[in-house]
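All remarks here apply to the structure that follows.
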Amino acid sequence: MNRDELVCMIGTDHGLASADVRSAFSLPTDVREDVLALARVKLGASGVVLLATCNRTELWASFDGVPAPMRSVDAGGAPKADDPLLRVICEMHMVDPADYARYFACRSGDAAVDHLFNVACGLRSAIMAEDQIVSQVKQAIAYSREIGVADSVLEVLFRQAVTAAKQVKSGVRFTRAYATAIDQAVEQLNDDGVDLFGATCMVIGNGEYGRLAASTLAEQGAEVLVTVRQYTHGAVTIPRGCTGIPYADRYDYIGRCKVVMSATTSPHYTLERGELASALGADAHIEFFDLAIPHDIDPSIADVSGCALHDIDSFSAQIGTENAQAIATAQRMLAEGVEEFWDWTRRRENMANERPPAGAFFPAFIDISDKRAVFVGGGTIALRRVRTLLPFAGDIVVYAPDFTPELERFALDGALELVRKPYDESVLEGADIVFACTNDSNLNDEVWAACKQRHIPVNVCSDRYKCDFYFPGVVQNAGLVVGISAGGKDHRRVRQLRARIERLLEEEDL
């Protein structure tokens with residue numbers, strides 16, 4: 001297994017690009033499914049995941065059993081303009097790779113896995129150990145699973161990264177840990193002498209982040225107005241202690257506000273300079289916080305008199321030396337999680353390389369009550385199989401020139417259908433499973449070949465190597481069904497074991 005070819009990623013984040021640059025890599029939700037599915041096809045990947053937050057956009061790809069594309073990166077891991085992952089992520093967002101290559105980093109194998117574990121627990125966040133990222137990582141893989149573009153490698157990788165992050169969160173305490181951008185905004189307001197108690201504040205957006213912002217401001221004693229769009233379907237949840245106002249009326253209320261926070265997924269500005277300037281009085285002074293990527297608030301609002309504008313990059317919890325021990329502890333915990341992931345890949349590879357012994361078949365219990373079972377041949381071999389199949393199959397048809405008397409009695413009782421005719425391929429029409437049970441091995445081979453061409457599972461009584469499934473010895477007792485198979489070889493042993501199991505069930509009265 002080549003780790004570098006199994007999993008890789010490309011991404012940009014707050015450390016590589018400004019909020020303005022990161023805004024170019026924000027996908028509207030209504031196109032995300034289509035572009036992710038297309039990205040998987042273009043890369044030839046077995047799975048893809050897009051991790052997109054305010055602070056980062058990362059495209060993850062796995063190549064499980066398929067060839068990985070040839071990467072084009074420099075010695076420091078930065079992608080060149082022709083790198084396949086860079087091309088795909090830029091095509092997803094309709095930008096030119098040559099213009100944005102310098103804002104991205106590429107990682108593969110160990111470096112990629114280590115990176116994801118660190119991201120999931122917040123060690124790569126602008127705000128050290130912030131709360132939101134672990135749920136965002138979890139949501140990213142859940143979305144790929146939902147639209148069918150995830151695979152087992154990414155499923156296990158992301159799940160174990162989330163598990164390790166939760167362990168770090170519960171077992172390691174950081175100074176100023178688990179802060180959010182909203183907490184940092186409130187802290188900045190307090191440092192600047194802005195008294196939030198009794199102040200009127202507006203939060204634009206009623207999603208998860210907007211509700212968190214509203215609740216945080218309400219906890220400070222502020223009077224919080226939360227915008228609600230009139231076309232929103234279903235129940236609208238307004239945080240406790242807050243008041244809902246129509247989104248369309250936001251400019252009517254904004255002049256009385258001391259603080260305005262905007263946190264939406266809108267592709268358009270929620271506040272524009274022209275309309276805002278006409279809504280403000282001459283003595284207005286408002287602190288605006290744009291918590292979205294792409295930007296919610298028109299950046300030129302910063303030039304309007306009485307307006308101070310802060311974006312998501314304004315907040316970063318600087319870690320001090322007092323967190324060094326906590327970080328070291330977290331890294332040890334993450335390293336254990338990383339090793340568990342690679343152990344899983346090794347175990348899976350070993351299992352794939354260890355073939356079962358010849359004749360070892362996986363036992364499967366399948367509902368065939370609505371399936372059509374076709375028998376070619378009406379002799380004693382067919383009779384034995386029909387007897388076993390009768391309690392399970394819904395539709396049994398036997399084709400042969402002649403039939404045993406017992407098969408004819410079954411037909412008279414309505415248990416099956418007999419069709420007196422020589423074999424031709426037309427008998428296979430509508431068949432779900434087929435049994436070739438004649439005493440002519442050439443004819444059985446002809447049935448087998450026709451079934452393989454039509455992708456119909458077939459059992460050939462004269463050649464165990466031409467059986468898609470083996471007919472087991474079956475024991476039934478009070479709702480229990482036991483199937484026994486020796487891979488089509490040791491029929492005597494199967495009969496003996498079947499008899500012993502029947503006696504056991506009778507003696508135990510199970």
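Residues in the structure tokens are named by chain (A, B, ... in the order shown) and by number from 1 within that chain; ligands are numbered from 1 in the order shown.
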Practice item. Give the helix (DSSP H, G or I) residues of segment 182-390 of chain A, as DSSP finds them on the backbone, and put them as a count of residues only. Key: 88
Point to revise | Contacts of segment 207-212 of chain A at 10 Å (only C-alpha atoms; same-chain gap of 2+ positions) as a ChimeraX atom specification | key: /A:132,180-183,203-205,214-218,226-228,236-240,242,261-265,291-292
So that I can see what lies close to Gln476 of chain A, please list as an mmCIF file with N, CA and C atoms, in the first residue's frame the residues with an atom at most 12 Å from it, counting only C-alpha atoms and leaving out residues fewer than 3 positions away in the same chain.
data_model
loop_
_atom_site.group_PDB
_atom_site.id
_atom_site.type_symbol
_atom_site.label_atom_id
_atom_site.label_comp_id
_atom_site.auth_asym_id
_atom_site.auth_seq_id
_atom_site.Cartn_x
_atom_site.Cartn_y
_atom_site.Cartn_z
ATOM 1 N N THR A 388 -36.158 -29.279 -1.377
ATOM 2 C CA THR A 388 -35.532 -28.347 -0.435
ATOM 3 C C THR A 388 -36.001 -26.920 -0.675
ATOM 4 N N LEU A 389 -36.234 -26.574 -1.945
ATOM 5 C CA LEU A 389 -36.552 -25.197 -2.301
ATOM 6 C C LEU A 389 -38.020 -24.836 -2.063
ATOM 7 N N PRO A 391 -40.223 -24.796 0.363
ATOM 8 C CA PRO A 391 -40.684 -23.923 1.460
ATOM 9 C C PRO A 391 -40.243 -22.464 1.311
ATOM 10 N N PHE A 392 -39.351 -22.195 0.363
ATOM 11 C CA PHE A 392 -38.758 -20.860 0.288
ATOM 12 C C PHE A 392 -39.136 -20.080 -0.980
ATOM 13 N N GLY A 473 -27.047 -28.304 2.368
ATOM 14 C CA GLY A 473 -27.926 -29.151 3.152
ATOM 15 C C GLY A 473 -28.702 -28.247 4.094
ATOM 16 N N GLY A 479 -39.034 -22.582 12.832
ATOM 17 C CA GLY A 479 -38.624 -21.247 12.416
ATOM 18 C C GLY A 479 -37.139 -21.074 12.243
ATOM 19 N N LEU A 480 -36.338 -22.055 12.699
ATOM 20 C CA LEU A 480 -34.890 -21.990 12.494
ATOM 21 C C LEU A 480 -34.548 -22.603 11.146
ATOM 22 N N VAL A 481 -33.577 -21.994 10.463
ATOM 23 C CA VAL A 481 -33.067 -22.532 9.210
ATOM 24 C C VAL A 481 -31.550 -22.600 9.315
ATOM 25 N N VAL A 482 -30.998 -23.802 9.090
ATOM 26 C CA VAL A 482 -29.551 -23.999 9.124
ATOM 27 C C VAL A 482 -29.119 -24.505 7.757
ATOM 28 N N GLY A 483 -28.117 -23.858 7.178
ATOM 29 C CA GLY A 483 -27.579 -24.297 5.898
ATOM 30 C C GLY A 483 -26.164 -24.803 6.062
ATOM 31 N N ILE A 484 -25.847 -25.927 5.391
ATOM 32 C CA ILE A 484 -24.529 -26.550 5.509
ATOM 33 C C ILE A 484 -23.966 -26.766 4.117
ATOM 34 N N ARG A 498 -25.866 -32.802 8.668
ATOM 35 C CA ARG A 498 -27.276 -32.390 8.633
ATOM 36 C C ARG A 498 -28.099 -33.269 9.564
ATOM 37 N N ALA A 499 -27.863 -34.570 9.534
ATOM 38 C CA ALA A 499 -28.610 -35.486 10.408
ATOM 39 C C ALA A 499 -28.318 -35.214 11.881
ATOM 40 N N ILE A 501 -27.428 -32.346 13.235
ATOM 41 C CA ILE A 501 -28.071 -31.079 13.626
ATOM 42 C C ILE A 501 -29.569 -31.283 13.816
ATOM 43 N N GLU A 502 -30.195 -32.093 12.949
ATOM 44 C CA GLU A 502 -31.619 -32.377 13.110
ATOM 45 C C GLU A 502 -31.886 -33.044 14.450
ATOM 46 N N ARG A 503 -31.045 -34.015 14.814
ATOM 47 C CA ARG A 503 -31.219 -34.696 16.116
ATOM 48 C C ARG A 503 -31.013 -33.728 17.264
ATOM 49 N N LEU A 504 -30.013 -32.880 17.142
ATOM 50 C CA LEU A 504 -29.729 -31.924 18.210
ATOM 51 C C LEU A 504 -30.924 -31.003 18.440
ATOM 52 N N LEU A 505 -31.502 -30.497 17.367
ATOM 53 C CA LEU A 505 -32.637 -29.596 17.519
ATOM 54 C C LEU A 505 -33.847 -30.292 18.103
ATOM 55 N N GLU A 506 -34.032 -31.580 17.749
ATOM 56 C CA GLU A 506 -35.141 -32.335 18.315
ATOM 57 C C GLU A 506 -34.932 -32.600 19.805
ATOM 58 N N LEU A 510 -35.594 -26.943 20.651
ATOM 59 C CA LEU A 510 -35.383 -25.531 20.413
ATOM 60 C C LEU A 510 -36.504 -24.927 19.600
#
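Take the candidates A:Arg3, A:Arg420, A:Lys42, A:Arg124 and check each one against Asp64 of chain A using only C-alpha atoms; the shortest distance goes to A:Arg3.
Distances to Glu5 of chain A were evaluated for A:Ala24, A:Ala61, A:Ala17, A:Val162 using only C-alpha atoms, and the minimum falls at A:Ala61.
Here atom CA of Ala120 of chain A is placed at a distance of 6.2 Å from atom CA of Ala161 of chain A.
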